[in-house]
$ cat protein_9.txt   # compact mmCIF, C-alpha atoms
# COMPACT_ATOMS: atom_id res chain seq x y z
CA MET K 1 14.14 142.95 16.74
CA ASN K 2 11.59 140.33 15.77
CA ASN K 3 10.77 139.28 12.22
CA PHE K 4 7.08 138.55 12.85
CA CYS K 5 5.54 142.02 12.83
CA ARG K 6 6.39 145.68 13.32
CA GLU K 7 4.08 148.49 14.29
CA LEU K 8 3.65 151.30 11.79
CA ASN K 9 3.26 154.95 12.67
CA PHE K 10 0.46 155.64 10.20
CA SER K 11 -1.79 158.66 10.65
CA SER K 12 -5.53 158.04 10.46
CA GLU K 13 -5.42 159.58 6.96
CA LEU K 14 -3.69 156.39 5.78
CA TYR K 15 -6.34 153.99 7.12
CA PRO K 16 -8.67 152.23 4.67
CA LYS K 17 -12.20 153.60 4.75
CA LEU K 18 -14.07 150.46 3.74
CA ASP K 19 -17.72 150.28 4.80
CA LEU K 20 -17.64 147.09 6.87
CA SER K 21 -21.34 147.28 7.71
CA LYS K 22 -22.25 146.18 4.19
CA TYR K 23 -20.94 142.66 4.75
CA ASP K 24 -23.18 139.85 5.96
CA THR K 25 -21.24 137.92 8.60
CA GLU K 26 -24.06 135.73 9.94
CA GLY K 27 -22.92 132.11 10.04
CA TYR K 28 -19.43 132.87 8.73
CA ASN K 29 -16.10 132.10 10.38
CA TRP K 30 -12.53 133.01 9.48
CA ALA K 31 -12.19 130.18 6.95
CA THR K 32 -15.47 130.82 5.15
CA PHE K 33 -15.52 134.62 5.00
CA HIS K 34 -13.02 135.99 2.52
CA LYS K 35 -13.35 139.11 0.41
CA THR K 36 -10.98 140.71 -2.06
CA PRO K 37 -11.94 144.38 -2.32
CA ALA K 38 -10.71 146.47 -5.21
CA PRO K 39 -8.36 149.34 -4.28
CA SER K 40 -11.12 151.84 -5.04
CA GLU K 41 -13.31 150.23 -2.35
CA LEU K 42 -10.87 151.37 0.35
CA ASN K 43 -11.90 154.95 -0.46
CA ASN K 44 -8.43 156.27 0.22
CA ASN K 45 -6.29 157.28 -2.74
CA TYR K 46 -3.94 158.98 -0.29
CA LEU K 47 -2.92 155.58 1.11
CA PHE K 48 -1.92 154.29 -2.32
CA GLU K 49 -0.22 157.56 -3.26
CA TYR K 50 1.80 157.41 -0.04
CA LEU K 51 2.87 153.83 -0.70
CA GLU K 52 3.84 154.78 -4.25
CA SER K 53 6.03 157.57 -2.87
CA LEU K 54 7.95 154.83 -1.03
CA GLY K 55 8.30 152.73 -4.18
CA LEU K 56 5.50 150.37 -3.11
CA SER K 57 2.26 149.22 -4.66
CA CYS K 58 -0.53 146.81 -3.79
CA LYS K 59 -2.28 144.56 -6.29
CA TRP K 60 -3.91 142.16 -3.83
CA ILE K 61 -6.16 143.27 -0.96
CA GLU K 62 -7.94 140.89 1.38
CA LEU K 63 -10.65 141.35 3.97
CA PHE K 64 -10.86 138.80 6.77
CA TYR K 65 -13.48 138.35 9.47
CA ALA K 66 -13.27 136.52 12.77
CA PRO K 67 -16.42 136.25 14.88
CA PRO K 68 -16.32 136.74 18.65
CA LYS K 69 -14.61 133.99 20.65
CA SER K 70 -12.97 132.35 17.64
CA ASP K 71 -9.63 131.33 16.18
CA GLY K 72 -8.54 131.07 12.56
CA ILE K 73 -6.56 128.30 10.89
CA ILE K 74 -2.82 128.04 11.54
CA HIS K 75 -1.27 128.57 8.12
CA CYS K 76 1.63 129.92 6.08
CA ASP K 77 0.75 131.91 2.95
CA ASN K 78 3.02 129.74 0.77
CA THR K 79 4.71 126.33 0.91
CA ASP K 80 8.34 127.46 1.06
CA TYR K 81 8.26 129.88 4.00
CA ILE K 82 8.94 132.77 1.63
CA GLN K 83 8.69 135.84 3.82
CA TYR K 84 5.78 137.53 2.10
CA THR K 85 4.84 140.74 3.85
CA LYS K 86 1.52 142.50 4.21
CA ILE K 87 0.34 145.77 5.67
CA TYR K 88 -2.27 144.92 8.28
CA PHE K 89 -5.19 147.06 9.48
CA GLN K 90 -7.46 145.68 12.21
CA PHE K 91 -10.93 146.98 13.04
CA GLY K 92 -12.81 146.03 16.20
CA ALA K 93 -12.13 143.31 18.77
CA GLU K 94 -9.54 145.24 20.77
CA GLY K 95 -7.51 142.64 22.64
CA SER K 96 -7.47 140.10 19.84
CA THR K 97 -4.09 139.01 18.53
CA LEU K 98 -2.17 137.46 15.69
CA ARG K 99 -0.19 134.41 16.71
CA TRP K 100 2.86 132.87 15.07
CA TRP K 101 3.52 129.17 15.54
CA ASP K 102 6.13 126.45 15.27
CA SER K 103 5.00 123.00 14.20
CA LYS K 104 6.78 119.86 13.12
CA LYS K 105 3.54 118.42 11.73
CA ILE K 106 2.41 120.46 8.75
CA ARG K 107 0.57 119.61 5.58
CA LYS K 108 0.16 121.27 2.21
CA VAL K 109 -3.33 122.15 1.04
CA SER K 110 -4.71 123.90 -2.00
CA THR K 111 -7.13 126.71 -1.53
CA SER K 112 -9.36 128.71 -3.81
CA VAL K 113 -11.01 131.98 -2.83
CA GLY K 114 -13.29 134.39 -4.57
CA GLY K 115 -16.87 133.91 -5.59
CA ASP K 116 -19.66 135.43 -7.60
CA LYS K 117 -19.65 138.61 -5.53
CA ASP K 118 -15.95 139.09 -6.24
CA LYS K 119 -16.20 138.79 -10.01
CA ASN K 120 -16.56 142.56 -10.43
CA THR K 121 -13.01 142.99 -9.14
CA ASP K 122 -9.65 142.05 -10.60
CA TYR K 123 -9.31 139.35 -7.97
CA SER K 124 -12.09 136.93 -8.82
CA SER K 125 -9.87 133.86 -8.63
CA HIS K 126 -6.98 133.08 -6.34
CA GLU K 127 -5.77 129.52 -5.99
CA VAL K 128 -2.59 128.78 -4.10
CA ASP K 129 -0.91 126.04 -2.11
CA ILE K 130 -0.37 126.85 1.55
CA LEU K 131 0.91 125.08 4.65
CA VAL K 132 -1.39 124.39 7.59
CA SER K 133 -1.06 122.84 11.02
CA ASP K 134 -3.46 121.75 13.74
CA GLU K 135 -3.20 123.58 17.06
CA LYS K 136 -2.59 120.31 18.93
CA ASP K 137 0.59 119.87 16.88
CA ALA K 138 1.88 123.43 17.22
CA LYS K 139 3.18 125.85 19.83
CA ILE K 140 2.92 129.63 19.93
CA ILE K 141 6.30 131.33 19.44
CA TYR K 142 5.08 134.95 19.21
CA GLU K 143 1.79 136.77 19.80
CA LYS K 144 0.88 140.43 19.35
CA ASP K 145 -2.15 142.68 19.65
CA LEU K 146 -2.28 144.42 16.27
CA ARG K 147 -4.93 147.06 16.95
CA ASN K 148 -2.63 149.62 15.29
CA PRO K 149 -1.34 149.20 11.72
CA HIS K 150 1.56 146.77 11.33
CA ILE K 151 3.58 145.05 8.72
CA VAL K 152 3.27 141.31 9.21
CA ASN K 153 5.33 138.37 8.03
CA VAL K 154 2.90 135.86 6.53
CA GLY K 155 5.68 133.54 5.37
CA LYS K 156 5.58 131.92 8.79
CA LEU K 157 2.83 129.84 10.36
CA HIS K 158 0.30 132.27 11.84
CA SER K 159 -3.35 132.53 12.85
CA PRO K 160 -5.81 135.10 14.23
CA HIS K 161 -7.12 134.82 17.78
CA ASN K 162 -10.27 136.69 18.82
CA PRO K 163 -11.13 136.04 22.49
CA THR K 164 -13.34 139.15 22.65
CA ASN K 165 -17.10 139.59 22.37
CA GLU K 166 -16.71 141.77 19.27
CA LYS K 167 -16.45 141.09 15.56
CA ARG K 168 -12.92 141.39 14.20
CA PHE K 169 -12.22 142.61 10.68
CA VAL K 170 -8.78 142.83 9.11
CA ILE K 171 -7.75 144.42 5.83
CA THR K 172 -4.38 143.30 4.47
CA LEU K 173 -2.41 144.76 1.59
CA ALA K 174 0.11 142.44 -0.06
CA ILE K 175 2.90 144.88 -0.76
CA CYS K 176 4.82 144.88 -4.01
CA ASP K 177 7.32 147.09 -5.74
CA LEU K 178 6.12 149.41 -8.49
CA ASP K 179 6.53 146.60 -11.05
CA GLY K 180 4.25 144.29 -9.10
CA ARG K 181 6.95 142.04 -7.58
CA ARG K 182 6.10 140.87 -4.05
CA ILE K 183 8.15 142.61 -1.38
CA LEU K 184 9.71 140.30 1.19
CA TRP K 185 10.26 141.05 4.87
CA ASP K 186 13.72 142.66 4.84
CA GLU K 187 12.88 144.90 1.90
CA ALA K 188 9.59 145.91 3.50
CA ILE K 189 11.43 146.88 6.68
CA ASP K 190 13.79 149.01 4.60
CA LYS K 191 11.08 150.70 2.50
CA LEU K 192 8.90 151.46 5.52
CA SER K 193 11.75 152.25 7.93
CA ASN K 194 10.57 155.83 8.55
CA ASN K 195 7.16 154.52 9.63
CA ILE K 196 8.30 151.72 11.91
CA ILE K 197 7.90 152.41 15.62
$ encode --input "protein_9.txt" --output "structure tokens"
Amino acid sequence: MNNFCRELNFSSELYPKLDLSKYDTEGYNWATFHKTPAPSELNNNYLFEYLESLGLSCKWIELFYAPPKSDGIIHCDNTDYIQYTKIYFQFGAEGSTLRWWDSKKIRKVSTSVGGDKDKNTDYSSHEVDILVSDEKDAKIIYEKDLRNPHIVNVGKLHSPHNPTNEKRFVITLAICDLDGRRILWDEAIDKLSNNII
């Protein structure tokens, strides 16, 4: 079994119900469009209640956008390859993928996300160090179409790939235990074992 992603058998009742039409995407790409919706904006208490029944919570939600015919930045969500795990819901752009990479030429960068429009949430500021690589210095080691919900390992170099003519939106939930501690890959596999296909 791989440790990049695993498909989840989630009923449609567990999908976020975020109104994606309210977001202006004109002129944005993956690196410049970043939203941090509050849990209430997903309009699905059942999702959070279900996760809680498994001993899981989510304090950090992200919304990503990739325009048609585009690729995101190759990156790892931390600088130590800690196997942070997220629940991943994709909307649109059927046939797009998430790619995982190997690279011997990486660099550390600092990033800050969140802006004026995010200040009405609990997530108005998020500054972290991450690892990035240029595509010319990297090679794909795994690639998967994630049109169905998945858990994904973001503690490895990864990037979105949208070769389609459609907009691609992704909602990710950084999963934690009930005390707010980040859940790593092996524990996520264990907690969600009954949902893994």
$ residues_around --input "protein_9.txt" --residues "K:Asp77" --least-positions-apart "3" --cutoff "8 Å" --atoms "all atoms listed in the file" --output "list in words"
Tyr81, Tyr84, Asp129, Ile130, Leu131, Val154, Gly155, Lys156 and Leu157 of chain K
$ closest_residue --input "protein_9.txt" --among "K:Lys104, K:Lys59, K:Arg6, K:Lys69" --to "K:His150" --atoms "all atoms listed in the file"
K:Arg6
$ atom_distance --input "protein_9.txt" --atom1 "atom CA of K:Glu135" --atom2 "atom CA of K:Cys5"
20.8 Å
$ closest_residue --input "protein_9.txt" --among "K:Tyr28, K:Tyr88, K:Phe33, K:Trp101" --to "K:Ser133" --atoms "only C-alpha atoms"
K:Trp101
$ atom_distance --input "protein_9.txt" --atom1 "atom CA of K:Cys76" --atom2 "atom CA of K:Glu52"
27.0 Å
$ residues_near_point --input "protein_9.txt" --point "(-0.1, 141.9, 4.3)" --cutoff "7 Å" --atoms "only C-alpha atoms" --output "list in words"
Thr85, Lys86, Ile87, Tyr88, Ile151, Val152, Thr172, Leu173, Ala174 and Ile175 of chain K
$ closest_residue --input "protein_9.txt" --among "K:Cys58, K:Leu8, K:Val170, K:Leu184" --to "K:Ile197" --atoms "only C-alpha atoms"
K:Leu8
$ closest_residue --input "protein_9.txt" --among "K:Ile61, K:Leu18, K:Leu51, K:Ile74" --to "K:Ala31" --atoms "all atoms listed in the file"
K:Ile74
$ residues_around --input "protein_9.txt" --residues "K:Ser40" --least-positions-apart "2" --cutoff "12 Å" --atoms "only C-alpha atoms" --output "number ranges by chain"
K: 16-19, 36-38, 42-48, 58-59, 61, 121-122
$ closest_residue --input "protein_9.txt" --among "K:Phe64, K:Asp102, K:Pro149, K:Thr97" --to "K:Asn195" --atoms "all atoms listed in the file"
K:Pro149
$ atom_distance --input "protein_9.txt" --atom1 "atom CA of K:Arg168" --atom2 "atom CA of K:Pro67"
6.3 Å
$ residues_around --input "protein_9.txt" --residues "stretch 176-181 of chain K" --least-positions-apart "5" --cutoff "6 Å" --atoms "all atoms listed in the file" --output "CSV table (one decimal) with C-alpha atoms, keeping the file's coordinate frame"
chain,number,residue,atom,x,y,z
K,55,GLY,CA,8.3,152.7,-4.2
K,56,LEU,CA,5.5,150.4,-3.1
K,57,SER,CA,2.3,149.2,-4.7
K,58,CYS,CA,-0.5,146.8,-3.8
$ closest_residue --input "protein_9.txt" --among "K:Tyr23, K:Phe89, K:Phe10, K:Trp30" --to "K:Ser70" --atoms "all atoms listed in the file"
K:Trp30
$ residues_around --input "protein_9.txt" --residues "K:Ala66" --least-positions-apart "3" --cutoff "12 Å" --atoms "only C-alpha atoms" --output "VMD selection string"
chain K and resid 25 to 34 63 69 to 73 90 to 93 96 to 98 159 to 171
$ write_last_selection --input "protein_9.txt" --atoms "C-alpha atoms" --output "CSV table (one decimal), in the frame of the given file"
chain,number,residue,atom,x,y,z
K,25,THR,CA,-21.2,137.9,8.6
K,26,GLU,CA,-24.1,135.7,9.9
K,27,GLY,CA,-22.9,132.1,10.0
K,28,TYR,CA,-19.4,132.9,8.7
K,29,ASN,CA,-16.1,132.1,10.4
K,30,TRP,CA,-12.5,133.0,9.5
K,31,ALA,CA,-12.2,130.2,7.0
K,32,THR,CA,-15.5,130.8,5.2
K,33,PHE,CA,-15.5,134.6,5.0
K,34,HIS,CA,-13.0,136.0,2.5
K,63,LEU,CA,-10.6,141.4,4.0
K,69,LYS,CA,-14.6,134.0,20.6
K,70,SER,CA,-13.0,132.4,17.6
K,71,ASP,CA,-9.6,131.3,16.2
K,72,GLY,CA,-8.5,131.1,12.6
K,73,ILE,CA,-6.6,128.3,10.9
K,90,GLN,CA,-7.5,145.7,12.2
K,91,PHE,CA,-10.9,147.0,13.0
K,92,GLY,CA,-12.8,146.0,16.2
K,93,ALA,CA,-12.1,143.3,18.8
K,96,SER,CA,-7.5,140.1,19.8
K,97,THR,CA,-4.1,139.0,18.5
K,98,LEU,CA,-2.2,137.5,15.7
K,159,SER,CA,-3.4,132.5,12.8
K,160,PRO,CA,-5.8,135.1,14.2
K,161,HIS,CA,-7.1,134.8,17.8
K,162,ASN,CA,-10.3,136.7,18.8
K,163,PRO,CA,-11.1,136.0,22.5
K,164,THR,CA,-13.3,139.2,22.6
K,165,ASN,CA,-17.1,139.6,22.4
K,166,GLU,CA,-16.7,141.8,19.3
K,167,LYS,CA,-16.4,141.1,15.6
K,168,ARG,CA,-12.9,141.4,14.2
K,169,PHE,CA,-12.2,142.6,10.7
K,170,VAL,CA,-8.8,142.8,9.1
K,171,ILE,CA,-7.8,144.4,5.8
$ axis_aligned_box --input "protein_9.txt" --around "stretch 138-142 of chain K" --padding-each-side "8 Å" --output "lines of an AutoDock Vina configuration file"
center_x = 4.1
center_y = 129.2
center_z = 18.6
size_x = 20.4
size_y = 27.5
size_z = 18.7
$ build_atoms --input "protein_9.txt" --residues "stretch 169-180 of chain K" --atoms "all heavy atoms" --output "PDB file, in the frame of the given file"
ATOM      1  N   PHE K 169     -12.486 142.508  12.110  1.00  0.00           N
ATOM      2  CA  PHE K 169     -12.220 142.610  10.680  1.00  0.00           C
ATOM      3  C   PHE K 169     -10.766 143.012  10.484  1.00  0.00           C
ATOM      4  O   PHE K 169     -10.224 143.813  11.250  1.00  0.00           O
ATOM      5  CB  PHE K 169     -13.106 143.678  10.022  1.00  0.00           C
ATOM      6  CG  PHE K 169     -14.552 143.294   9.919  1.00  0.00           C
ATOM      7  CD1 PHE K 169     -15.458 143.678  10.886  1.00  0.00           C
ATOM      8  CD2 PHE K 169     -15.007 142.543   8.839  1.00  0.00           C
ATOM      9  CE1 PHE K 169     -16.796 143.336  10.782  1.00  0.00           C
ATOM     10  CE2 PHE K 169     -16.342 142.201   8.726  1.00  0.00           C
ATOM     11  CZ  PHE K 169     -17.241 142.598   9.698  1.00  0.00           C
ATOM     12  N   VAL K 170     -10.154 142.478   9.448  1.00  0.00           N
ATOM     13  CA  VAL K 170      -8.780 142.830   9.110  1.00  0.00           C
ATOM     14  C   VAL K 170      -8.686 143.044   7.609  1.00  0.00           C
ATOM     15  O   VAL K 170      -9.176 142.223   6.819  1.00  0.00           O
ATOM     16  CB  VAL K 170      -7.790 141.719   9.545  1.00  0.00           C
ATOM     17  CG1 VAL K 170      -6.413 141.953   8.944  1.00  0.00           C
ATOM     18  CG2 VAL K 170      -7.694 141.654  11.060  1.00  0.00           C
ATOM     19  N   ILE K 171      -8.074 144.153   7.227  1.00  0.00           N
ATOM     20  CA  ILE K 171      -7.750 144.420   5.830  1.00  0.00           C
ATOM     21  C   ILE K 171      -6.245 144.268   5.684  1.00  0.00           C
ATOM     22  O   ILE K 171      -5.478 144.870   6.442  1.00  0.00           O
ATOM     23  CB  ILE K 171      -8.189 145.831   5.409  1.00  0.00           C
ATOM     24  CG1 ILE K 171      -9.704 145.957   5.475  1.00  0.00           C
ATOM     25  CG2 ILE K 171      -7.671 146.169   4.005  1.00  0.00           C
ATOM     26  CD1 ILE K 171     -10.216 147.375   5.287  1.00  0.00           C
ATOM     27  N   THR K 172      -5.817 143.453   4.722  1.00  0.00           N
ATOM     28  CA  THR K 172      -4.380 143.300   4.470  1.00  0.00           C
ATOM     29  C   THR K 172      -4.073 143.717   3.042  1.00  0.00           C
ATOM     30  O   THR K 172      -4.851 143.468   2.119  1.00  0.00           O
ATOM     31  CB  THR K 172      -3.893 141.850   4.685  1.00  0.00           C
ATOM     32  OG1 THR K 172      -4.505 140.976   3.742  1.00  0.00           O
ATOM     33  CG2 THR K 172      -4.183 141.375   6.100  1.00  0.00           C
ATOM     34  N   LEU K 173      -2.922 144.353   2.898  1.00  0.00           N
ATOM     35  CA  LEU K 173      -2.410 144.760   1.590  1.00  0.00           C
ATOM     36  C   LEU K 173      -1.117 144.005   1.343  1.00  0.00           C
ATOM     37  O   LEU K 173      -0.146 144.170   2.087  1.00  0.00           O
ATOM     38  CB  LEU K 173      -2.130 146.262   1.551  1.00  0.00           C
ATOM     39  CG  LEU K 173      -3.312 147.224   1.411  1.00  0.00           C
ATOM     40  CD1 LEU K 173      -4.206 147.195   2.629  1.00  0.00           C
ATOM     41  CD2 LEU K 173      -2.803 148.637   1.187  1.00  0.00           C
ATOM     42  N   ALA K 174      -1.117 143.146   0.333  1.00  0.00           N
ATOM     43  CA  ALA K 174       0.110 142.440  -0.060  1.00  0.00           C
ATOM     44  C   ALA K 174       0.988 143.441  -0.790  1.00  0.00           C
ATOM     45  O   ALA K 174       0.641 143.910  -1.864  1.00  0.00           O
ATOM     46  CB  ALA K 174      -0.225 141.256  -0.950  1.00  0.00           C
ATOM     47  N   ILE K 175       2.113 143.788  -0.186  1.00  0.00           N
ATOM     48  CA  ILE K 175       2.900 144.880  -0.760  1.00  0.00           C
ATOM     49  C   ILE K 175       3.894 144.381  -1.799  1.00  0.00           C
ATOM     50  O   ILE K 175       4.516 143.332  -1.656  1.00  0.00           O
ATOM     51  CB  ILE K 175       3.584 145.742   0.319  1.00  0.00           C
ATOM     52  CG1 ILE K 175       4.308 144.910   1.364  1.00  0.00           C
ATOM     53  CG2 ILE K 175       2.571 146.639   0.994  1.00  0.00           C
ATOM     54  CD1 ILE K 175       4.999 145.728   2.412  1.00  0.00           C
ATOM     55  N   CYS K 176       3.981 145.181  -2.852  1.00  0.00           N
ATOM     56  CA  CYS K 176       4.820 144.880  -4.010  1.00  0.00           C
ATOM     57  C   CYS K 176       5.660 146.106  -4.329  1.00  0.00           C
ATOM     58  O   CYS K 176       5.408 147.202  -3.804  1.00  0.00           O
ATOM     59  CB  CYS K 176       3.937 144.578  -5.230  1.00  0.00           C
ATOM     60  SG  CYS K 176       2.759 143.240  -4.985  1.00  0.00           S
ATOM     61  N   ASP K 177       6.638 145.913  -5.219  1.00  0.00           N
ATOM     62  CA  ASP K 177       7.320 147.090  -5.740  1.00  0.00           C
ATOM     63  C   ASP K 177       6.455 147.682  -6.854  1.00  0.00           C
ATOM     64  O   ASP K 177       5.340 147.201  -7.126  1.00  0.00           O
ATOM     65  CB  ASP K 177       8.744 146.754  -6.201  1.00  0.00           C
ATOM     66  CG  ASP K 177       8.793 145.811  -7.391  1.00  0.00           C
ATOM     67  OD1 ASP K 177       7.761 145.604  -8.067  1.00  0.00           O
ATOM     68  OD2 ASP K 177       9.877 145.272  -7.667  1.00  0.00           O
ATOM     69  N   LEU K 178       6.937 148.718  -7.492  1.00  0.00           N
ATOM     70  CA  LEU K 178       6.120 149.410  -8.490  1.00  0.00           C
ATOM     71  C   LEU K 178       5.917 148.579  -9.749  1.00  0.00           C
ATOM     72  O   LEU K 178       5.041 148.889 -10.567  1.00  0.00           O
ATOM     73  CB  LEU K 178       6.730 150.773  -8.826  1.00  0.00           C
ATOM     74  CG  LEU K 178       6.757 151.760  -7.653  1.00  0.00           C
ATOM     75  CD1 LEU K 178       7.397 153.075  -8.081  1.00  0.00           C
ATOM     76  CD2 LEU K 178       5.366 151.997  -7.076  1.00  0.00           C
ATOM     77  N   ASP K 179       6.715 147.496  -9.914  1.00  0.00           N
ATOM     78  CA  ASP K 179       6.530 146.600 -11.050  1.00  0.00           C
ATOM     79  C   ASP K 179       5.645 145.410 -10.717  1.00  0.00           C
ATOM     80  O   ASP K 179       5.439 144.528 -11.552  1.00  0.00           O
ATOM     81  CB  ASP K 179       7.894 146.081 -11.544  1.00  0.00           C
ATOM     82  CG  ASP K 179       8.751 147.198 -12.118  1.00  0.00           C
ATOM     83  OD1 ASP K 179       8.187 148.085 -12.793  1.00  0.00           O
ATOM     84  OD2 ASP K 179       9.975 147.180 -11.899  1.00  0.00           O
ATOM     85  N   GLY K 180       5.145 145.374  -9.489  1.00  0.00           N
ATOM     86  CA  GLY K 180       4.250 144.290  -9.100  1.00  0.00           C
ATOM     87  C   GLY K 180       4.924 143.084  -8.491  1.00  0.00           C
ATOM     88  O   GLY K 180       4.273 142.081  -8.213  1.00  0.00           O
TER      89      GLY K 180
END
